[in-house]
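In what follows, a single structure is set out as structure tokens and then discussed.
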Amino acid sequence: MDKASHTSRPREEPKFHAPDTATLIYTLIAVFITIVLLYVYKKKKTSRTDVLLMGLCEAGKTSVFTRLIYREDRETFTSIKENIADYTSKNGFVRIVDIPGHERLRGKFDEFKHQARGVVFVVDSVSVQKSIRDVADYLYTVLLEPAIASLPFLILCNKQDETMAKSAGVIKSMLEKELNLVRSTRKNQLESVDSSAKSNVFLGKQGKDFEFIHISQYVDVLECSVKNQDIGSLTDWLDRIV
């Protein structure tokens, strides 16, 4: 084939298609919704400024509060009202709220739960075996609260300086076993009143023994000793969640 048989074609320029009006509008709406959601999420996170100290009477909540805030030991008494103070972590400020452990005063929790960024449930590592039912019953109520369903949760095993103190691992196992019993009891009580009751009062997974890994909160179980001025596990945990 000779060169004369070739015919040269003009090179076509790539065509640019401007987005139609509908596509542009949908894109702008998607961007706007994303910005709004990010703003709401950030505002919700920053509005949650409290870390709640909870637990039974005599567990050592106020001693933990005093050591954390004032970095010293002070004589403490059973609290009849909440103690509140600001705490500075490595990453910012939070407000520590020590809620009284007396059964009649635990309702104070309702005043602060919507501002909570995390919950610290203090357990007496020495007497926990004797009070395990009361501890588990209170703990179950707190963990079931929708307002804190996605928050970091710490079970702080205090008084580790004592000879008879149970370790964090032992206490975790004890609590899981007892929470399983509490769950069964409450479910039966509820069904005896209302046979149509749903699982909104059920903690964990249906058909399985209770374990902390089955619930929405991420639960840490750590040890401390206020008497030995050792609350490093708590301060490290606060640094992580703030």
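By order in the structure tokens, chains are A, B, ...; within a chain, residues start at 1; ligands start at 1, following the order shown.
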
Just the strand (DSSP E) stuff from segment 16-234 of chain A, please, per backbone DSSP, written as a PyMOL selection string. chain A and resi 50-54+83-89+92-98+116-124+153-158+219-223

Can I get the selection written as a PDB file, in the first residue's frame, with C-alpha atoms?
ATOM      1  CA  ASP A  50     -17.978  14.845  82.874  1.00  0.00           C
ATOM      2  CA  VAL A  51     -16.377  11.672  84.149  1.00  0.00           C
ATOM      3  CA  LEU A  52     -18.648  10.081  86.741  1.00  0.00           C
ATOM      4  CA  LEU A  53     -17.271   8.270  89.789  1.00  0.00           C
ATOM      5  CA  MET A  54     -19.814   5.687  90.937  1.00  0.00           C
ATOM      6  CA  ASN A  83     -18.237  16.274  94.823  1.00  0.00           C
ATOM      7  CA  ILE A  84     -17.283  18.120  91.630  1.00  0.00           C
ATOM      8  CA  ALA A  85     -13.942  19.460  90.420  1.00  0.00           C
ATOM      9  CA  ASP A  86     -12.017  20.003  87.189  1.00  0.00           C
ATOM     10  CA  TYR A  87      -9.192  17.663  86.250  1.00  0.00           C
ATOM     11  CA  THR A  88      -6.457  18.336  83.715  1.00  0.00           C
ATOM     12  CA  SER A  89      -5.321  15.358  81.681  1.00  0.00           C
ATOM     13  CA  GLY A  92      -7.499  18.571  78.055  1.00  0.00           C
ATOM     14  CA  PHE A  93      -9.935  19.263  80.845  1.00  0.00           C
ATOM     15  CA  VAL A  94     -12.739  17.130  82.205  1.00  0.00           C
ATOM     16  CA  ARG A  95     -15.002  17.541  85.186  1.00  0.00           C
ATOM     17  CA  ILE A  96     -14.887  14.752  87.769  1.00  0.00           C
ATOM     18  CA  VAL A  97     -18.214  14.102  89.479  1.00  0.00           C
ATOM     19  CA  ASP A  98     -18.192  11.890  92.581  1.00  0.00           C
ATOM     20  CA  ALA A 116     -20.857  12.135  80.830  1.00  0.00           C
ATOM     21  CA  ARG A 117     -17.832  11.351  78.699  1.00  0.00           C
ATOM     22  CA  GLY A 118     -16.928   8.267  80.711  1.00  0.00           C
ATOM     23  CA  VAL A 119     -17.853   6.329  83.856  1.00  0.00           C
ATOM     24  CA  VAL A 120     -15.586   4.989  86.595  1.00  0.00           C
ATOM     25  CA  PHE A 121     -17.259   2.384  88.790  1.00  0.00           C
ATOM     26  CA  VAL A 122     -15.177   1.922  91.946  1.00  0.00           C
ATOM     27  CA  VAL A 123     -15.150  -1.481  93.642  1.00  0.00           C
ATOM     28  CA  ASP A 124     -13.776  -2.413  97.066  1.00  0.00           C
ATOM     29  CA  PHE A 153     -16.418   2.439  81.161  1.00  0.00           C
ATOM     30  CA  LEU A 154     -13.846   1.623  83.839  1.00  0.00           C
ATOM     31  CA  ILE A 155     -14.315  -0.776  86.742  1.00  0.00           C
ATOM     32  CA  LEU A 156     -11.639   0.416  89.156  1.00  0.00           C
ATOM     33  CA  CYS A 157     -10.638  -2.201  91.734  1.00  0.00           C
ATOM     34  CA  ASN A 158      -9.513  -0.133  94.720  1.00  0.00           C
ATOM     35  CA  VAL A 219     -15.210  -1.950  79.712  1.00  0.00           C
ATOM     36  CA  ASP A 220     -11.766  -1.860  81.309  1.00  0.00           C
ATOM     37  CA  VAL A 221     -11.144  -3.575  84.652  1.00  0.00           C
ATOM     38  CA  LEU A 222      -8.066  -2.089  86.362  1.00  0.00           C
ATOM     39  CA  GLU A 223      -6.464  -1.991  89.798  1.00  0.00           C
TER      40      GLU A 223
END

Using only C-alpha atoms, determine which residues lie at most 9 Å from Val64 of chain A, disregarding the query and same-chain residues fewer than 2 positions distant; provide the list as JSON, numbers by chain. {"A": [53, 60, 61, 62, 66, 67, 68, 69, 122, 158, 225, 226, 231]}

Point-to-point distance from atom CA of Arg133 of chain A to atom CA of Gly204 of chain A, Å rounded to tenths: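 One can read the atom CA of Arg133 of chain A to atom CA of Gly204 of chain A distance as 18.0 Å.
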
With DSSP run on the backbone, what are the alpha helix (DSSP H) residues within segment 18-213 of chain A? I'd like them as an MDAnalysis selection string. chainID A and resid 21:47 61:70 109:112 132:143 168:193

May I have the selected residues written with C-alpha atoms, as a compact mmCIF listing (two decimals), in the first residue's frame?
# COMPACT_ATOMS: atom_id res chain seq x y z
CA THR A 21 -27.89 20.87 37.29
CA ALA A 22 -29.42 17.93 39.16
CA THR A 23 -26.03 16.24 39.74
CA LEU A 24 -24.55 19.49 40.98
CA ILE A 25 -27.41 20.03 43.40
CA TYR A 26 -27.16 16.47 44.78
CA THR A 27 -23.41 16.89 45.26
CA LEU A 28 -23.84 20.15 47.14
CA ILE A 29 -26.54 18.61 49.33
CA ALA A 30 -24.28 15.63 50.16
CA VAL A 31 -21.41 17.97 51.09
CA PHE A 32 -23.72 20.10 53.23
CA ILE A 33 -25.12 17.07 55.09
CA THR A 34 -21.60 15.78 55.74
CA ILE A 35 -20.53 19.14 57.19
CA VAL A 36 -23.63 19.29 59.40
CA LEU A 37 -23.10 15.75 60.71
CA LEU A 38 -19.45 16.45 61.52
CA TYR A 39 -20.46 19.64 63.33
CA VAL A 40 -23.15 17.86 65.36
CA TYR A 41 -20.76 15.02 66.26
CA LYS A 42 -18.05 17.44 67.37
CA LYS A 43 -20.49 19.52 69.38
CA LYS A 44 -21.96 16.43 71.05
CA LYS A 45 -18.49 15.18 71.98
CA THR A 46 -17.33 18.51 73.40
CA SER A 47 -20.60 18.94 75.33
CA LYS A 61 -14.86 6.84 95.54
CA THR A 62 -14.26 10.02 97.50
CA SER A 63 -10.72 8.91 98.39
CA VAL A 64 -10.08 8.34 94.69
CA PHE A 65 -11.57 11.77 93.94
CA THR A 66 -9.39 13.46 96.57
CA ARG A 67 -6.19 11.76 95.42
CA LEU A 68 -6.96 12.55 91.78
CA ILE A 69 -7.89 16.21 92.25
CA TYR A 70 -5.78 17.33 95.21
CA PHE A 109 -26.73 10.03 88.31
CA ASP A 110 -29.69 11.24 86.25
CA GLU A 111 -28.53 14.86 86.63
CA PHE A 112 -25.15 14.16 85.04
CA ILE A 132 -21.05 -8.96 95.06
CA ARG A 133 -24.84 -9.08 94.68
CA ASP A 134 -25.27 -5.40 95.56
CA VAL A 135 -22.31 -4.41 93.38
CA ALA A 136 -23.62 -6.36 90.40
CA ASP A 137 -27.18 -5.10 90.84
CA TYR A 138 -26.05 -1.46 90.87
CA LEU A 139 -23.59 -2.04 88.03
CA TYR A 140 -26.29 -3.68 85.92
CA THR A 141 -28.55 -0.65 86.36
CA VAL A 142 -25.80 1.74 85.30
CA LEU A 143 -24.68 -0.30 82.28
CA ALA A 168 -8.83 -7.29 88.70
CA GLY A 169 -9.06 -10.57 86.79
CA VAL A 170 -10.82 -12.36 89.63
CA ILE A 171 -13.21 -9.46 90.18
CA LYS A 172 -14.06 -9.34 86.49
CA SER A 173 -14.96 -13.04 86.51
CA MET A 174 -17.00 -12.65 89.69
CA LEU A 175 -18.93 -9.72 88.26
CA GLU A 176 -19.66 -11.44 84.95
CA LYS A 177 -21.04 -14.46 86.78
CA GLU A 178 -23.15 -12.36 89.14
CA LEU A 179 -24.38 -10.05 86.36
CA ASN A 180 -25.60 -13.15 84.56
CA LEU A 181 -27.74 -13.99 87.61
CA VAL A 182 -28.99 -10.42 87.98
CA ARG A 183 -29.97 -10.39 84.33
CA SER A 184 -31.94 -13.61 84.69
CA THR A 185 -33.69 -12.39 87.83
CA ARG A 186 -34.70 -9.08 86.28
CA LYS A 187 -35.90 -10.73 83.09
CA ASN A 188 -38.09 -13.14 85.06
CA GLN A 189 -39.46 -10.34 87.24
CA LEU A 190 -40.32 -8.25 84.22
CA GLU A 191 -41.98 -11.12 82.37
CA SER A 192 -44.08 -11.95 85.43
CA VAL A 193 -45.54 -8.44 85.19

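Going from atom CA of Glu103 of chain A over to atom CA of Met164 of chain A, you cover 26.1 Å.
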
One-decimal distance in Å that lies between atom CA of Asp236 of chain A and atom CA of Gln115 of chain A: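 Between these atoms lies a distance of 21.1 Å.
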